[in-house]
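First up is the structure itself, then whatever we jot down about it.
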Amino acid sequence: VYYCKHCDTYIFQSLGCNSRICSCCGKRHADSWAKQLSHHMFKVPHRHFVMSIASELWPYLRQDRSLWKVYMDSAIDTLNDYLPKIMQRDVTIGAIVILHPFGKDMMFHPHLHLIITEGGFGPDKSWMHQFYFKAEGFASCWKYHVCRNLHHAGIPFSVTNWCYQHKRFYVWVHRDGTINNPKNIARYLGRYVRHPAIANSRIDFFNKKTMRVGFHYEDHEQRIDKVMTTDEFITALIQHIPEPQFKMIR
């Protein structure tokens, strides 16, 4: 708080909280982090992938947060298995794996964002480009590794096996395809990687009398409006705060 003796005026200056769930500080921190990281990435083409699992497995990840790391490690297992096979050579893949525990509606919907090199590095550190990724083969490999790892981590075999046999596991490759420019990589990282669960622009109102919060989100280019009590809103928000020292980005 600043006070001017001549004008008899108080000026209030807001300070940042630097919290990951804050829609202001979280966005600013994400942009800064993405810009710094883009300078350290390999100067090769990259791809943006989104990967998810069957909704029947979500409650297990919500109840047992130790499964979050298993979930993320399964993506690396998939990359290390699938890409050398399709490239028919021994390669090392560069990857950033990011866990998003929330969906657009702020409910628990754990999915992974991956920024991966479009190819890999051989034993002699030479770069080998792989432009084409067959989505069906990648999704099948992802389903195998994540079901296997989650079962070994404690989810009953009957659940993981049923999901493996009957459910389609989601793999999505960004429609813009290859990311060549480091500045574009920074933009992707800032937008998809470390943003808070909800932006200020999506919060439409707060009614102090009824203690309700209104917000909206886009689903398949259609606007959906949602209203929650303040307790429901805060609960939806804080459920996505990870355990202390847990790395949401690997």
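Here, A, B, ... name the chains of the structure tokens in the order displayed, residue numbers run from 1 inside each chain, and ligands are numbered from 1 in the same displayed order.
By chain and then residue number, the residues within 8 Å of His113 in chain A are A:His48, A:Phe49, A:Val50, A:Met51, A:Val97, A:Ile98, A:Leu99, A:His100, A:His111, A:Ile115, A:Tyr192, A:Val193, counting only C-alpha atoms and disregarding those fewer than 2 positions away in sequence.
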### Query
DSSP on the backbone: what in range 2-244 of chain A comes out strand (DSSP E), as a PyMOL selection string?
chain A and resi 2-4+9-11+46-52+95-102+108-117+119-121+127-129+171-173+203-207+212-219+222-229
### Message
Measuring between only C-alpha atoms, which one of A:Ser23, A:Met87, A:Phe12, A:Leu114 shows the shortest distance to Ile249 in chain A?
### Response
A:Leu114
In range 49-194 of chain A, what's alpha helix (DSSP H) per DSSP? Answer as a short mmCIF file (atom, residue, chain, number, x, y, z; two decimals) with N, CA, C and O atoms, in the first residue's frame?
```cif
data_model
loop_
_atom_site.label_atom_id
_atom_site.label_comp_id
_atom_site.auth_asym_id
_atom_site.auth_seq_id
_atom_site.Cartn_x
_atom_site.Cartn_y
_atom_site.Cartn_z
N TRP A 58 -9.82 -43.81 -14.57
CA TRP A 58 -9.63 -42.51 -13.92
C TRP A 58 -9.80 -42.56 -12.40
O TRP A 58 -8.99 -41.96 -11.69
N PRO A 59 -10.84 -43.24 -11.87
CA PRO A 59 -11.00 -43.24 -10.41
C PRO A 59 -9.79 -43.79 -9.67
O PRO A 59 -9.48 -43.34 -8.55
N TYR A 60 -9.09 -44.74 -10.26
CA TYR A 60 -7.91 -45.30 -9.60
C TYR A 60 -6.79 -44.26 -9.52
O TYR A 60 -6.09 -44.17 -8.50
N LEU A 61 -6.63 -43.47 -10.57
CA LEU A 61 -5.61 -42.43 -10.54
C LEU A 61 -5.99 -41.29 -9.60
O LEU A 61 -5.12 -40.66 -9.01
N ARG A 62 -7.28 -41.08 -9.45
CA ARG A 62 -7.72 -40.02 -8.54
C ARG A 62 -7.50 -40.43 -7.09
O ARG A 62 -7.11 -39.61 -6.25
N GLN A 63 -7.74 -41.70 -6.78
CA GLN A 63 -7.59 -42.18 -5.41
C GLN A 63 -6.13 -42.41 -5.02
O GLN A 63 -5.75 -42.20 -3.87
N LEU A 67 0.10 -43.39 -8.82
CA LEU A 67 -0.08 -43.90 -10.19
C LEU A 67 0.19 -42.83 -11.25
O LEU A 67 0.35 -43.17 -12.42
N TRP A 68 0.24 -41.57 -10.84
CA TRP A 68 0.47 -40.51 -11.80
C TRP A 68 1.82 -40.68 -12.48
O TRP A 68 1.95 -40.49 -13.69
N LYS A 69 2.84 -40.99 -11.71
CA LYS A 69 4.18 -41.18 -12.30
C LYS A 69 4.19 -42.41 -13.21
O LYS A 69 4.82 -42.39 -14.28
N VAL A 70 3.52 -43.47 -12.81
CA VAL A 70 3.43 -44.68 -13.64
C VAL A 70 2.78 -44.34 -14.97
O VAL A 70 3.21 -44.79 -16.04
N TYR A 71 1.76 -43.52 -14.91
CA TYR A 71 1.03 -43.07 -16.10
C TYR A 71 1.98 -42.33 -17.05
O TYR A 71 2.01 -42.59 -18.26
N MET A 72 2.76 -41.42 -16.50
CA MET A 72 3.68 -40.62 -17.32
C MET A 72 4.82 -41.48 -17.87
O MET A 72 5.21 -41.35 -19.04
N ASP A 73 5.35 -42.38 -17.04
CA ASP A 73 6.44 -43.24 -17.49
C ASP A 73 5.99 -44.18 -18.61
O ASP A 73 6.80 -44.57 -19.46
N SER A 74 4.71 -44.53 -18.61
CA SER A 74 4.19 -45.41 -19.66
C SER A 74 4.28 -44.76 -21.03
O SER A 74 4.44 -45.45 -22.05
N ALA A 75 4.16 -43.43 -21.07
CA ALA A 75 4.29 -42.73 -22.34
C ALA A 75 5.71 -42.86 -22.88
O ALA A 75 5.92 -43.05 -24.09
N ILE A 76 6.70 -42.77 -21.99
CA ILE A 76 8.09 -42.92 -22.41
C ILE A 76 8.35 -44.35 -22.88
O ILE A 76 9.04 -44.59 -23.89
N ASP A 77 7.80 -45.33 -22.16
CA ASP A 77 7.94 -46.73 -22.59
C ASP A 77 7.37 -46.93 -23.99
O ASP A 77 7.94 -47.66 -24.81
N THR A 78 6.25 -46.27 -24.27
CA THR A 78 5.62 -46.39 -25.58
C THR A 78 6.51 -45.80 -26.67
O THR A 78 6.70 -46.41 -27.73
N LEU A 79 7.05 -44.62 -26.42
CA LEU A 79 7.93 -43.99 -27.40
C LEU A 79 9.16 -44.83 -27.68
O LEU A 79 9.56 -45.03 -28.83
N ASN A 80 9.77 -45.33 -26.60
CA ASN A 80 11.00 -46.12 -26.75
C ASN A 80 10.75 -47.47 -27.43
O ASN A 80 11.68 -48.08 -27.96
N ASP A 81 9.51 -47.93 -27.39
CA ASP A 81 9.16 -49.20 -28.03
C ASP A 81 8.73 -48.98 -29.48
O ASP A 81 9.22 -49.66 -30.40
N TYR A 82 7.85 -48.00 -29.69
CA TYR A 82 7.21 -47.86 -31.00
C TYR A 82 8.11 -47.22 -32.06
O TYR A 82 8.21 -47.72 -33.18
N LEU A 83 8.75 -46.09 -31.73
CA LEU A 83 9.52 -45.38 -32.75
C LEU A 83 10.70 -46.18 -33.29
O LEU A 83 10.90 -46.22 -34.51
N PRO A 84 11.52 -46.84 -32.45
CA PRO A 84 12.60 -47.67 -33.04
C PRO A 84 12.07 -48.77 -33.95
O PRO A 84 12.72 -49.14 -34.93
N LYS A 85 10.87 -49.30 -33.66
CA LYS A 85 10.30 -50.35 -34.50
C LYS A 85 9.93 -49.81 -35.88
O LYS A 85 10.26 -50.42 -36.90
N ILE A 86 9.25 -48.67 -35.93
CA ILE A 86 8.82 -48.16 -37.23
C ILE A 86 10.00 -47.57 -38.01
O ILE A 86 9.97 -47.53 -39.23
N MET A 87 11.04 -47.12 -37.29
CA MET A 87 12.21 -46.57 -37.97
C MET A 87 13.22 -47.66 -38.30
O MET A 87 14.17 -47.42 -39.05
N ALA A 135 -1.04 -43.58 -36.45
CA ALA A 135 -1.75 -43.35 -35.19
C ALA A 135 -2.28 -44.65 -34.58
O ALA A 135 -2.22 -44.85 -33.36
N GLU A 136 -2.80 -45.54 -35.41
CA GLU A 136 -3.39 -46.78 -34.87
C GLU A 136 -2.33 -47.64 -34.19
O GLU A 136 -2.57 -48.18 -33.11
N GLY A 137 -1.18 -47.77 -34.82
CA GLY A 137 -0.11 -48.56 -34.21
C GLY A 137 0.40 -47.93 -32.94
O GLY A 137 0.68 -48.63 -31.95
N PHE A 138 0.51 -46.60 -32.93
CA PHE A 138 0.97 -45.90 -31.74
C PHE A 138 -0.03 -46.08 -30.60
O PHE A 138 0.35 -46.32 -29.45
N ALA A 139 -1.33 -45.99 -30.91
CA ALA A 139 -2.36 -46.14 -29.88
C ALA A 139 -2.37 -47.55 -29.31
O ALA A 139 -2.56 -47.74 -28.10
N SER A 140 -2.17 -48.56 -30.14
CA SER A 140 -2.14 -49.95 -29.66
C SER A 140 -0.95 -50.17 -28.73
O SER A 140 -1.07 -50.84 -27.70
N CYS A 141 0.20 -49.61 -29.11
CA CYS A 141 1.40 -49.74 -28.27
C CYS A 141 1.20 -49.02 -26.95
O CYS A 141 1.59 -49.52 -25.89
N TRP A 142 0.58 -47.85 -26.99
CA TRP A 142 0.29 -47.07 -25.78
C TRP A 142 -0.66 -47.84 -24.86
O TRP A 142 -0.45 -47.92 -23.65
N LYS A 143 -1.70 -48.43 -25.43
CA LYS A 143 -2.65 -49.20 -24.63
C LYS A 143 -1.97 -50.36 -23.91
O LYS A 143 -2.21 -50.61 -22.73
N TYR A 144 -1.09 -51.06 -24.63
CA TYR A 144 -0.39 -52.21 -24.04
C TYR A 144 0.47 -51.78 -22.86
O TYR A 144 0.39 -52.37 -21.76
N HIS A 145 1.29 -50.75 -23.04
CA HIS A 145 2.24 -50.36 -21.99
C HIS A 145 1.54 -49.76 -20.78
O HIS A 145 1.90 -50.07 -19.63
N VAL A 146 0.55 -48.91 -21.00
CA VAL A 146 -0.07 -48.26 -19.86
C VAL A 146 -0.92 -49.25 -19.06
O VAL A 146 -0.94 -49.22 -17.81
N CYS A 147 -1.62 -50.16 -19.72
CA CYS A 147 -2.40 -51.18 -18.99
C CYS A 147 -1.48 -52.11 -18.21
O CYS A 147 -1.75 -52.45 -17.06
N ARG A 148 -0.41 -52.51 -18.83
CA ARG A 148 0.56 -53.40 -18.18
C ARG A 148 1.18 -52.72 -16.96
O ARG A 148 1.25 -53.31 -15.87
N ASN A 149 1.61 -51.47 -17.10
CA ASN A 149 2.27 -50.77 -16.00
C ASN A 149 1.30 -50.44 -14.86
O ASN A 149 1.67 -50.54 -13.68
N LEU A 150 0.08 -50.04 -15.21
CA LEU A 150 -0.89 -49.74 -14.16
C LEU A 150 -1.30 -50.99 -13.40
O LEU A 150 -1.53 -50.94 -12.18
N HIS A 151 -1.37 -52.12 -14.08
CA HIS A 151 -1.66 -53.38 -13.38
C HIS A 151 -0.53 -53.73 -12.41
O HIS A 151 -0.78 -54.08 -11.26
N HIS A 152 0.70 -53.62 -12.87
CA HIS A 152 1.84 -53.92 -12.00
C HIS A 152 1.93 -52.95 -10.82
O HIS A 152 2.50 -53.28 -9.78
N PHE A 157 -6.09 -56.73 -12.27
CA PHE A 157 -5.92 -57.23 -13.63
C PHE A 157 -7.25 -57.28 -14.37
O PHE A 157 -7.31 -57.04 -15.58
N SER A 158 -8.33 -57.61 -13.65
CA SER A 158 -9.64 -57.70 -14.29
C SER A 158 -10.04 -56.37 -14.91
O SER A 158 -10.70 -56.32 -15.95
N VAL A 159 -9.63 -55.26 -14.27
CA VAL A 159 -9.97 -53.92 -14.77
C VAL A 159 -9.11 -53.55 -15.97
O VAL A 159 -9.61 -53.15 -17.02
N THR A 160 -7.78 -53.69 -15.81
CA THR A 160 -6.87 -53.31 -16.90
C THR A 160 -7.06 -54.21 -18.11
O THR A 160 -7.00 -53.75 -19.25
N ASN A 161 -7.31 -55.50 -17.89
CA ASN A 161 -7.49 -56.42 -19.01
C ASN A 161 -8.79 -56.13 -19.75
O ASN A 161 -8.83 -56.18 -20.99
N TRP A 162 -9.87 -55.80 -19.01
CA TRP A 162 -11.13 -55.46 -19.66
C TRP A 162 -10.97 -54.20 -20.50
O TRP A 162 -11.46 -54.13 -21.64
N CYS A 163 -10.28 -53.20 -19.96
CA CYS A 163 -10.04 -51.96 -20.71
C CYS A 163 -9.20 -52.24 -21.95
O CYS A 163 -9.45 -51.68 -23.03
N TYR A 164 -8.22 -53.11 -21.81
CA TYR A 164 -7.34 -53.43 -22.94
C TYR A 164 -8.12 -54.14 -24.04
O TYR A 164 -7.91 -53.89 -25.23
N GLN A 165 -9.05 -55.01 -23.64
CA GLN A 165 -9.79 -55.80 -24.62
C GLN A 165 -10.93 -55.02 -25.28
O GLN A 165 -11.24 -55.25 -26.45
N HIS A 166 -11.55 -54.09 -24.53
CA HIS A 166 -12.81 -53.52 -25.00
C HIS A 166 -12.80 -52.00 -25.22
O HIS A 166 -13.75 -51.48 -25.82
N PRO A 182 11.36 -22.65 -33.08
CA PRO A 182 11.44 -22.68 -31.61
C PRO A 182 10.43 -21.76 -30.94
O PRO A 182 9.93 -22.06 -29.85
N LYS A 183 10.10 -20.63 -31.59
CA LYS A 183 9.10 -19.73 -31.01
C LYS A 183 7.73 -20.40 -30.98
O LYS A 183 6.95 -20.21 -30.05
N ASN A 184 7.43 -21.19 -32.02
CA ASN A 184 6.16 -21.92 -32.04
C ASN A 184 6.14 -22.99 -30.96
O ASN A 184 5.09 -23.28 -30.38
N ILE A 185 7.30 -23.62 -30.73
CA ILE A 185 7.39 -24.60 -29.66
C ILE A 185 7.07 -23.95 -28.33
O ILE A 185 6.33 -24.48 -27.50
N ALA A 186 7.64 -22.76 -28.10
CA ALA A 186 7.36 -22.02 -26.86
C ALA A 186 5.87 -21.70 -26.74
O ALA A 186 5.28 -21.78 -25.66
N ARG A 187 5.25 -21.35 -27.87
CA ARG A 187 3.81 -21.03 -27.85
C ARG A 187 3.00 -22.27 -27.50
O ARG A 187 2.05 -22.21 -26.72
N TYR A 188 3.36 -23.42 -28.09
CA TYR A 188 2.66 -24.66 -27.77
C TYR A 188 2.82 -25.01 -26.30
O TYR A 188 1.87 -25.40 -25.62
N LEU A 189 4.05 -24.89 -25.81
CA LEU A 189 4.31 -25.24 -24.43
C LEU A 189 3.51 -24.36 -23.48
O LEU A 189 2.92 -24.82 -22.51
N GLY A 190 3.49 -23.05 -23.76
CA GLY A 190 2.76 -22.14 -22.90
C GLY A 190 1.27 -22.38 -22.92
O GLY A 190 0.60 -22.25 -21.90
N ARG A 191 0.76 -22.78 -24.08
CA ARG A 191 -0.69 -22.97 -24.20
C ARG A 191 -1.16 -24.30 -23.63
O ARG A 191 -2.20 -24.38 -22.99
N TYR A 192 -0.39 -25.36 -23.89
CA TYR A 192 -0.87 -26.70 -23.55
C TYR A 192 -0.22 -27.32 -22.32
O TYR A 192 -0.71 -28.29 -21.79
#
```
### Message
So that I can check the surroundings of Ile21 in chain A, please list as a list in words every protein, DNA and RNA residue that reaches within 8 Å of it, counting only C-alpha atoms and ignoring chain neighbours fewer than 3 positions away.
### Response
Gly26, Pro196, Ala197, Leu237, Ile238 and Ile241 of chain A
Give me, as JSON lines, the closest atom pair and its distance (Å, one decimal) for every residue of range 29-125 of chain A within a cut-off of 10 Å of range 203-224 of chain A, counting only C-alpha atoms, rows sorted by chain and rising number.
```
{"residue": "A:Gly103", "atom": "CA", "partner": "A:Tyr217", "partner_atom": "CA", "distance": 9.9}
{"residue": "A:Lys104", "atom": "CA", "partner": "A:Tyr217", "partner_atom": "CA", "distance": 6.1}
{"residue": "A:Asp105", "atom": "CA", "partner": "A:Tyr217", "partner_atom": "CA", "distance": 6.7}
{"residue": "A:Met106", "atom": "CA", "partner": "A:Tyr217", "partner_atom": "CA", "distance": 9.6}
```
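Pairwise distance (CA of Arg250 in chain A, CA of Ile93 in chain A) equals 13.5 Å.
You will find CA of Asp225 in chain A at 14.2 Å from CA of Met107 in chain A.
One distance worth recording is that between CA of Thr178 in chain A and CA of Thr92 in chain A, which is 18.7 Å.
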